[in-house]
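A short write-up of the structure that comes next.
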Amino acid sequence: MISLTSLLKESFLLCLSALIMVLPLTFYYFHEFSFFTPLTNVLIVPLVPLIIILSLLVIILSFICYPLTFLLSWFLKLLLDYFLFVINVFGNLKIARIFIAQIPLSILIIYYFLVFLFIIYQQKQIKFTVYE
């Protein structure tokens, strides 16, 4: 059984790793960053698989059983309303944003190259410890 603590930890680590990968692109294209992004992601990312599955079920069931589709779509709407509520609340908070000057494309390329090297290094470390 998965505990709530481990679920939150995994969700946070997933969001953090995604943030590490997209942060330079965010700086490059949008020139700003909100400090609430990690918190927002933790609040909504765990719901994304459920939203996708329910959306597919609603589509499939719409051809089979309309009353069941209506029930599932009502639950799906609740999830989507929560999703949009969190995005709107944290998206409208201007106090926690920092603005970044245009970063050169070369810095972006160097950053992703270093991340790539780090990933390769970590994979070799994991393989080495597994075979010992």
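The way I read the labels, and the way they are meant: chains A, B, ... in the order of the structure tokens, residue 1 as the first residue of every chain, and ligand 1 as the first ligand shown, with later ones counted on from there.
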key: Which of range 23-109 of chain A DSSP labels helix (DSSP H, G or I), written as a VMD selection string   = chain A and resid 23 to 30 37 to 61 66 to 91 105 to 109
key: Spatial neighbours of Pro46 in chain A, max dist 12 Å, only C-alpha atoms, sep filter under 5 positions, as a list in words   =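 Here the answer would be Leu4, Leu7, Leu8, Lys9, Glu10, Ser11, Phe12, Leu13, Leu14, Cys15, Thr40, Asn41, Ile51, Ile52, Leu79 and Phe83 of chain A.
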Restricting it to C-alpha atoms, dump the selection as a PDB file, in the first residue's frame.
ATOM      1  CA  LEU A   4       0.257   9.548   1.317  1.00  0.00           C
ATOM      2  CA  LEU A   7       2.881   9.696  -2.949  1.00  0.00           C
ATOM      3  CA  LEU A   8       3.508  13.371  -2.142  1.00  0.00           C
ATOM      4  CA  LYS A   9       7.261  12.814  -2.173  1.00  0.00           C
ATOM      5  CA  GLU A  10       7.157  11.111  -5.564  1.00  0.00           C
ATOM      6  CA  SER A  11       4.865  13.801  -6.924  1.00  0.00           C
ATOM      7  CA  PHE A  12       7.182  16.536  -5.660  1.00  0.00           C
ATOM      8  CA  LEU A  13      10.271  14.834  -7.125  1.00  0.00           C
ATOM      9  CA  LEU A  14       8.512  14.350 -10.457  1.00  0.00           C
ATOM     10  CA  CYS A  15       7.517  18.008 -10.534  1.00  0.00           C
ATOM     11  CA  THR A  40       1.047  24.359  -8.185  1.00  0.00           C
ATOM     12  CA  ASN A  41       2.516  21.313  -9.887  1.00  0.00           C
ATOM     13  CA  ILE A  51      -8.328  13.372 -15.831  1.00  0.00           C
ATOM     14  CA  ILE A  52      -6.978  11.707 -18.984  1.00  0.00           C
ATOM     15  CA  LEU A  79     -11.587  17.664 -11.276  1.00  0.00           C
ATOM     16  CA  PHE A  83      -7.405  22.105 -11.837  1.00  0.00           C
TER      17      PHE A  83
END
query = Can you list, as number ranges by chain, every protein, DNA or RNA residue that comes within 7 Å of Ser34 in chain A when you count only C-alpha atoms, leaving out same-chain residues fewer than 4 positions away?
reply = A: 96-98
request  = Can you pull out every residue within 12 Å of Val89 in chain A, counting only C-alpha atoms, but drop anything in the same chain fewer than 3 positions away, and send it as a list in words?
outcome  =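 Final neighbour list, sorted by chain and number: Phe36, Thr37, Leu39, Thr40, Leu43, Asp81, Tyr82, Phe83, Leu84, Phe85, Val86, Asn92, Leu93 and Lys94 of chain A.
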Next, dump the selected residues to file, keeping only C-alpha atoms, as a PDB file, in the first residue's frame.
ATOM      1  CA  PHE A  36       4.616  29.032  -6.859  1.00  0.00           C
ATOM      2  CA  THR A  37       5.217  26.732  -9.833  1.00  0.00           C
ATOM      3  CA  LEU A  39       3.546  24.041  -5.343  1.00  0.00           C
ATOM      4  CA  THR A  40       1.047  24.359  -8.185  1.00  0.00           C
ATOM      5  CA  LEU A  43      -1.353  20.195  -6.369  1.00  0.00           C
ATOM      6  CA  ASP A  81     -12.722  22.938 -12.071  1.00  0.00           C
ATOM      7  CA  TYR A  82     -10.238  22.249  -9.281  1.00  0.00           C
ATOM      8  CA  PHE A  83      -7.405  22.105 -11.837  1.00  0.00           C
ATOM      9  CA  LEU A  84      -8.374  25.482 -13.311  1.00  0.00           C
ATOM     10  CA  PHE A  85      -8.993  27.008  -9.874  1.00  0.00           C
ATOM     11  CA  VAL A  86      -5.440  26.162  -8.730  1.00  0.00           C
ATOM     12  CA  ASN A  92      -2.649  35.613 -10.840  1.00  0.00           C
ATOM     13  CA  LEU A  93      -0.229  36.100  -7.934  1.00  0.00           C
ATOM     14  CA  LYS A  94       2.233  38.664  -9.247  1.00  0.00           C
TER      15      LYS A  94
END
query = If we count only C-alpha atoms, what is near Tyr29 in chain A at a cut-off of 12 Å, once residues fewer than 6 positions away on the same chain are taken out, given as a PyMOL selection string?
reply = chain A and resi 22-23+99-105+108
Write out the residues from the selection above, keeping C-alpha atoms, as a short mmCIF file (atom, residue, chain, number, x, y, z; two decimals), in the first residue's frame.
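So out-v9.cif came out as:
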data_model
loop_
_atom_site.label_atom_id
_atom_site.label_comp_id
_atom_site.auth_asym_id
_atom_site.auth_seq_id
_atom_site.Cartn_x
_atom_site.Cartn_y
_atom_site.Cartn_z
CA VAL A 22 11.81 23.18 -18.57
CA LEU A 23 13.10 26.08 -16.47
CA PHE A 99 11.68 38.45 -14.51
CA ILE A 100 14.75 37.29 -16.39
CA ALA A 101 16.59 39.08 -19.15
CA GLN A 102 16.96 37.29 -22.48
CA ILE A 103 19.42 34.44 -22.09
CA PRO A 104 21.59 33.48 -25.06
CA LEU A 105 20.79 30.29 -26.94
CA LEU A 108 20.59 27.00 -23.14
#
inquiry  = Could you tell me how far CA of Pro49 in chain A sits from CA of Cys65 in chain A, in Å to one decimal place?
reply    =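 Result for CA of Cys65 in chain A versus CA of Pro49 in chain A: 22.8 Å, one decimal.
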key: Point-to-point distance from CA of Leu114 in chain A to CA of Ser6 in chain A, Å rounded to tenths   =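 These atoms are spaced 29.3 Å apart.
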request  = Pull the strand (DSSP E) assignments for range 31-131 of chain A out of DSSP run on the backbone, and list those residues as a ChimeraX atom specification.
outcome  = /A:32-34,97-99
Output C-alpha atoms for every residue in that selection, as a compact mmCIF listing (two decimals), in the first residue's frame.
# COMPACT_ATOMS: atom_id res chain seq x y z
CA GLU A 32 9.79 35.05 -16.08
CA PHE A 33 9.35 32.44 -13.39
CA SER A 34 6.85 32.06 -10.56
CA ARG A 97 7.39 36.27 -10.04
CA ILE A 98 10.88 37.06 -11.11
CA PHE A 99 11.68 38.45 -14.51
task = Report the distance between CA of Leu57 in chain A and CA of Phe70 in chain A in Å, rounded to one decimal place.
result =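 Separating CA of Leu57 in chain A from CA of Phe70 in chain A is a distance of 11.1 Å.
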query = With only C-alpha atoms as the basis for distance, which of A:Leu50, A:Ile44, A:Leu71, A:Phe116 is at the shortest distance from Met21 in chain A?
reply = A:Phe116
key: Which of A:Tyr28, A:Leu80, A:Phe113, A:Pro38 sits closest to Ser55 in chain A [using only C-alpha atoms]   =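 Looking at the shortest contact to Ser55 in chain A, the residue is A:Leu80.
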